[in-house]
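The next block holds one structure in the form of structure tokens; read it before the comments.
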Amino acid sequence: AAGHGARLSTAFDSTTLYGEDPDERPDIYGRIGNSGVSIASLDDMKRLYSGFDLCAPSTSVSMTINGPAPMILAMFMNTAIDQRVERHLKDSGGWAEAERRIAKLYEGRERPRYRGELPPGNDGFGLGLLGVSGDQLVDAATYAELSAEALAAVRGTVQADILKEDQAQNTCIFSTEFALRMMGDVQQYFIDRGVRNFYSVSISGYHIAEAGANPVSQLAFTLANGFTIVEYYLARGMHIDDFAPNLSFFFS
């Protein structure tokens with residue numbers, strides 16, 4: 001139920017992993033929902049985490065995604081921010097006016113909605129801003145304040161380890177150089193916005209072990225990958241104390 005925390009683990013399907021939108025194309029259709037959930041839009045993310053308060057101190061979300069991790073993470077963070085805006089509007093008595101503004105925005109069009117019946121225990125929190133963004137419903141100063149609150153509160157991990165993708169999982173959609181640049185951009189954003197409770201990368205040995213490495217080799221490759229990421233962030237001018245708390249490790 002909304003307002004109650006939870007430890008959530010989310011695996012994304014191979015369609016999302018390869019950066020594709022769900023489609024009836026034969027090479028895509030069979031992968032939709034295969035080994036995870038399909039996310040292609042911000043509204044998909046809002047539906048996925050509806051009923052959970054992403055800003056609750058007892059909520060933590062672990063996301064298994066690598067190549068498109070920066071895009072998926074952006075959707076997640078915006079979902080958390082819009083949840084914070086929705087909570088603010090309902091607590092401050094501004095929800096009725098927000099509903100009128102949303103209705104006007106969708107005048108003559110069908111408003112996005114949750115597909116099917118809500119699961120048991122889901123009270124619909126997080127679905128109020130489907131199809132809109134919080135900055136359309138509150139003034140700029142209020143939105144900036146609520147955004148900062150959400151980014152400071154949100155907890156979790158995004159895998160995002162592109163190096164082990166090259167070495168073990170082989171599901172890369174960008175070059176290693178470009179993917180590292182995006183990882184660096186994410187980490188710089190975390191530093192600039194004070195995101196301290198969320199891991200920007202989970203440096204993973206598990207997949208290396210699954211690809212056949214013994215425990216010693218798994219540890220060696222994983223630590224080497226970690227050193228590579230640290231050295232790259234340092235080369236971009238980040239300070240170790242600013243980004244080290246956002247790094248995590250995952251071993252078999």
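The way I read the labels, and the way they are meant: chains A, B, ... in the order of the structure tokens, residue 1 as the first residue of every chain, and ligand 1 as the first ligand shown, with later ones counted on from there.
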
Contact check, segment 10-118 of chain A to segment 198-214 of chain A, at most 10 Å, counting only C-alpha atoms, closest pairs as JSON lines:
{"residue": "A:Ser60", "atom": "CA", "partner": "A:Phe198", "partner_atom": "CA", "distance": 8.7}
{"residue": "A:Val61", "atom": "CA", "partner": "A:Phe198", "partner_atom": "CA", "distance": 9.0}
{"residue": "A:Ser62", "atom": "CA", "partner": "A:Tyr199", "partner_atom": "CA", "distance": 9.1}
{"residue": "A:Met63", "atom": "CA", "partner": "A:Ser202", "partner_atom": "CA", "distance": 9.6}
{"residue": "A:Thr64", "atom": "CA", "partner": "A:Ser202", "partner_atom": "CA", "distance": 9.3}
{"residue": "A:Asn66", "atom": "CA", "partner": "A:Val201", "partner_atom": "CA", "distance": 9.1}
{"residue": "A:Ala69", "atom": "CA", "partner": "A:Val201", "partner_atom": "CA", "distance": 9.2}
{"residue": "A:Pro70", "atom": "CA", "partner": "A:Ser200", "partner_atom": "CA", "distance": 9.2}
{"residue": "A:Leu73", "atom": "CA", "partner": "A:Ser200", "partner_atom": "CA", "distance": 8.9}

How would the residues just chosen look if you wrote them out with N, CA and C atoms as a PDB file, in the first residue's frame?
ATOM      1  N   SER A  60      13.338   0.599  -1.010  1.00  0.00           N
ATOM      2  CA  SER A  60      14.586   0.494  -1.764  1.00  0.00           C
ATOM      3  C   SER A  60      14.303  -0.318  -3.014  1.00  0.00           C
ATOM      4  N   VAL A  61      14.757   0.169  -4.163  1.00  0.00           N
ATOM      5  CA  VAL A  61      14.474  -0.474  -5.445  1.00  0.00           C
ATOM      6  C   VAL A  61      15.777  -0.872  -6.123  1.00  0.00           C
ATOM      7  N   SER A  62      15.900  -2.147  -6.446  1.00  0.00           N
ATOM      8  CA  SER A  62      17.067  -2.650  -7.175  1.00  0.00           C
ATOM      9  C   SER A  62      16.634  -2.970  -8.600  1.00  0.00           C
ATOM     10  N   MET A  63      17.318  -2.384  -9.597  1.00  0.00           N
ATOM     11  CA  MET A  63      16.916  -2.540 -10.990  1.00  0.00           C
ATOM     12  C   MET A  63      18.012  -3.229 -11.795  1.00  0.00           C
ATOM     13  N   THR A  64      17.639  -4.337 -12.440  1.00  0.00           N
ATOM     14  CA  THR A  64      18.573  -5.079 -13.288  1.00  0.00           C
ATOM     15  C   THR A  64      18.435  -4.598 -14.721  1.00  0.00           C
ATOM     16  N   ASN A  66      21.243  -2.680 -17.923  1.00  0.00           N
ATOM     17  CA  ASN A  66      22.627  -2.271 -18.157  1.00  0.00           C
ATOM     18  C   ASN A  66      22.759  -1.265 -19.296  1.00  0.00           C
ATOM     19  N   ALA A  69      20.472   1.616 -19.059  1.00  0.00           N
ATOM     20  CA  ALA A  69      20.289   1.994 -17.656  1.00  0.00           C
ATOM     21  C   ALA A  69      20.099   3.495 -17.440  1.00  0.00           C
ATOM     22  N   PRO A  70      20.863   4.387 -18.112  1.00  0.00           N
ATOM     23  CA  PRO A  70      20.639   5.816 -17.865  1.00  0.00           C
ATOM     24  C   PRO A  70      19.226   6.269 -18.215  1.00  0.00           C
ATOM     25  N   LEU A  73      16.837   4.741 -15.624  1.00  0.00           N
ATOM     26  CA  LEU A  73      17.017   5.464 -14.364  1.00  0.00           C
ATOM     27  C   LEU A  73      16.359   6.834 -14.414  1.00  0.00           C
TER      28      LEU A  73
END

Selection: 10 Å around Ala98 of chain A, only C-alpha atoms, excl. self and same-chain fewer than 2 positions, as a short mmCIF file (atom, residue, chain, number, x, y, z; two decimals) with C-alpha atoms, in the first residue's frame:
data_model
loop_
_atom_site.label_atom_id
_atom_site.label_comp_id
_atom_site.auth_asym_id
_atom_site.auth_seq_id
_atom_site.Cartn_x
_atom_site.Cartn_y
_atom_site.Cartn_z
CA GLU A 86 1.15 13.99 -6.29
CA LEU A 89 -0.97 18.20 -4.08
CA LYS A 90 -3.15 15.76 -2.14
CA GLY A 93 -5.57 20.45 -0.85
CA GLY A 94 -4.51 21.21 -4.41
CA TRP A 95 -5.50 17.90 -5.97
CA ALA A 96 -8.95 19.00 -7.21
CA ARG A 100 -9.08 20.09 -13.54
CA ARG A 101 -5.79 21.13 -15.18
CA ILE A 102 -5.08 17.57 -16.31
CA ALA A 103 -8.60 17.24 -17.72
CA LYS A 104 -8.08 20.46 -19.67
CA GLY A 128 -2.50 10.50 -10.71
CA LEU A 129 0.08 12.04 -13.03
CA GLY A 134 4.71 17.49 -12.10
CA GLN A 136 2.84 21.18 -15.41
CA LEU A 137 0.87 21.23 -12.16
CA VAL A 138 2.95 23.27 -9.70
#

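The space between atom CA of Ala74 of chain A and atom CA of Glu110 of chain A spans 25.5 Å.
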
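Using only C-alpha atoms, the shortest contact distance between Leu48 of chain A and any of A:His88, A:His239, A:Arg7, A:Arg115 is found at A:Arg115.
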
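Rounded to one decimal, atom CA of Leu130 of chain A and atom CA of Ala150 of chain A lie 17.8 Å from each other.
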
Select from segment 120-200 of chain A every residue with an atom at most 10 Å from any atom of segment 50-56 of chain A, then for each give the shortest pair of atoms and their distance in Å to one decimal, using only C-alpha atoms, rows by chain and rising number, as a tab-separated table.
residue	atom	partner	partner_atom	distance
A:Pro120	CA	A:Gly51	CA	9.8
A:Gly121	CA	A:Gly51	CA	7.5
A:Asn122	CA	A:Gly51	CA	4.6
A:Asp123	CA	A:Gly51	CA	5.6
A:Gly124	CA	A:Gly51	CA	5.4
A:Phe125	CA	A:Gly51	CA	4.9
A:Gly126	CA	A:Ser50	CA	4.8
A:Leu127	CA	A:Ser50	CA	6.1
A:Gly128	CA	A:Ser50	CA	9.5
A:Glu149	CA	A:Cys55	CA	8.5
A:Ala150	CA	A:Cys55	CA	5.9
A:Leu151	CA	A:Cys55	CA	8.3
A:Ala152	CA	A:Cys55	CA	8.7
A:Ala153	CA	A:Cys55	CA	5.4
A:Val154	CA	A:Cys55	CA	5.0
A:Arg155	CA	A:Cys55	CA	7.6
A:Gly156	CA	A:Leu54	CA	9.5

query = When DSSP works through the backbone of this structure, what residues of segment 137-237 of chain A end up as strand (DSSP E or B), shown as a ChimeraX atom specification?
reply = /A:156-158,198-199,201-204

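Counting only C-alpha atoms, the residue from A:Tyr106, A:Phe12, A:Tyr49, A:Tyr29 that sits nearest to Ile72 of chain A is A:Phe12.
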
Quick one: residues within 9 Å of Ala40 of chain A, only C-alpha atoms, excluding same-chain residues fewer than 6 positions away - as a short mmCIF file (atom, residue, chain, number, x, y, z; two decimals) with N, CA and C atoms, in the first residue's frame?
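This is the output file out19.cif:
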data_model
loop_
_atom_site.label_atom_id
_atom_site.label_comp_id
_atom_site.auth_asym_id
_atom_site.auth_seq_id
_atom_site.Cartn_x
_atom_site.Cartn_y
_atom_site.Cartn_z
N THR A 16 13.47 -4.49 -23.38
CA THR A 16 13.98 -3.27 -22.77
C THR A 16 15.51 -3.29 -22.72
N GLY A 19 17.03 -2.09 -25.74
CA GLY A 19 16.64 -0.75 -26.12
C GLY A 19 15.52 -0.68 -27.12
N GLU A 20 14.67 -1.72 -27.18
CA GLU A 20 13.56 -1.77 -28.13
C GLU A 20 12.24 -1.45 -27.44
N ASP A 21 11.30 -0.88 -28.19
CA ASP A 21 9.93 -0.76 -27.72
C ASP A 21 9.19 -2.06 -28.01
N PRO A 22 8.22 -2.44 -27.17
CA PRO A 22 7.44 -3.65 -27.47
C PRO A 22 6.72 -3.48 -28.80
N ILE A 72 16.43 4.28 -18.33
CA ILE A 72 15.52 3.68 -17.37
C ILE A 72 15.61 4.39 -16.03
#

message = DSSP on the backbone, helix (DSSP H, G or I) only: what residues of segment 10-243 of chain A does that give? Format it as number ranges by chain.
response = A: 14-17, 26-29, 42-48, 69-92, 95-105, 134-136, 140-153, 162-169, 176-193, 206-210, 215-235, 240-243

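Going from atom CA of Gly194 of chain A over to atom CA of Met45 of chain A, you cover 22.7 Å.
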
request  = Would you list the contacts of Asp185 of chain A as number ranges by chain, taking every protein, DNA or RNA residue within 12 Å and counting only C-alpha atoms, but skipping same-chain residues closer than 2 positions in sequence?
outcome  = A: 69-71, 74, 178-183, 187-192, 200, 232-233, 236-238, 243

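Distance annotation: of A:Gly226, A:Gly67, A:Pro112, A:Gly33, the residue with the minimal separation from Phe249 of chain A is A:Gly226; atom set is only C-alpha atoms.
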
query = When distances are computed from only C-alpha atoms, which of A:Val158, A:Ala6, A:Cys172, A:Met75 shows the smallest separation from Ile39 of chain A?
reply = A:Met75

Find the residues near Leu163 of chain A: any atom within 7 Å, counting only C-alpha atoms, skip ones fewer than 3 places away on the same chain, and give them as a PDB file with N, CA, C and O atoms, in the first residue's frame.
ATOM      1  N   ASP A 166      30.294  -6.320 -21.713  1.00  0.00           N
ATOM      2  CA  ASP A 166      31.271  -6.642 -22.753  1.00  0.00           C
ATOM      3  C   ASP A 166      31.940  -7.984 -22.490  1.00  0.00           C
ATOM      4  O   ASP A 166      32.175  -8.771 -23.404  1.00  0.00           O
ATOM      5  N   GLN A 167      32.250  -8.243 -21.228  1.00  0.00           N
ATOM      6  CA  GLN A 167      33.040  -9.420 -20.881  1.00  0.00           C
ATOM      7  C   GLN A 167      32.221 -10.701 -20.794  1.00  0.00           C
ATOM      8  O   GLN A 167      32.734 -11.784 -21.101  1.00  0.00           O
ATOM      9  N   ASN A 225      37.262  -4.016 -13.109  1.00  0.00           N
ATOM     10  CA  ASN A 225      36.191  -3.169 -13.633  1.00  0.00           C
ATOM     11  C   ASN A 225      35.915  -2.002 -12.688  1.00  0.00           C
ATOM     12  O   ASN A 225      35.707  -0.865 -13.132  1.00  0.00           O
TER      13      ASN A 225
END

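Minimum atom-to-atom distance to Asp43 of chain A, evaluated using only C-alpha atoms, belongs to A:Ser133 out of A:Ser14, A:Ser252, A:Ser92, A:Ser133.
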
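Among the candidate residues A:Leu42, A:Thr228, A:Thr222, A:Tyr114, the one lying nearest to Glu177 of chain A is A:Thr228, with distances computed using only C-alpha atoms.
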
request  = Find the residues around Thr142 of chain A up to 9 Å (only C-alpha atoms counted), leave out those fewer than 5 positions away in its own chain, and share them as an MDAnalysis selection string.
outcome  = chainID A and resid 85 135 147
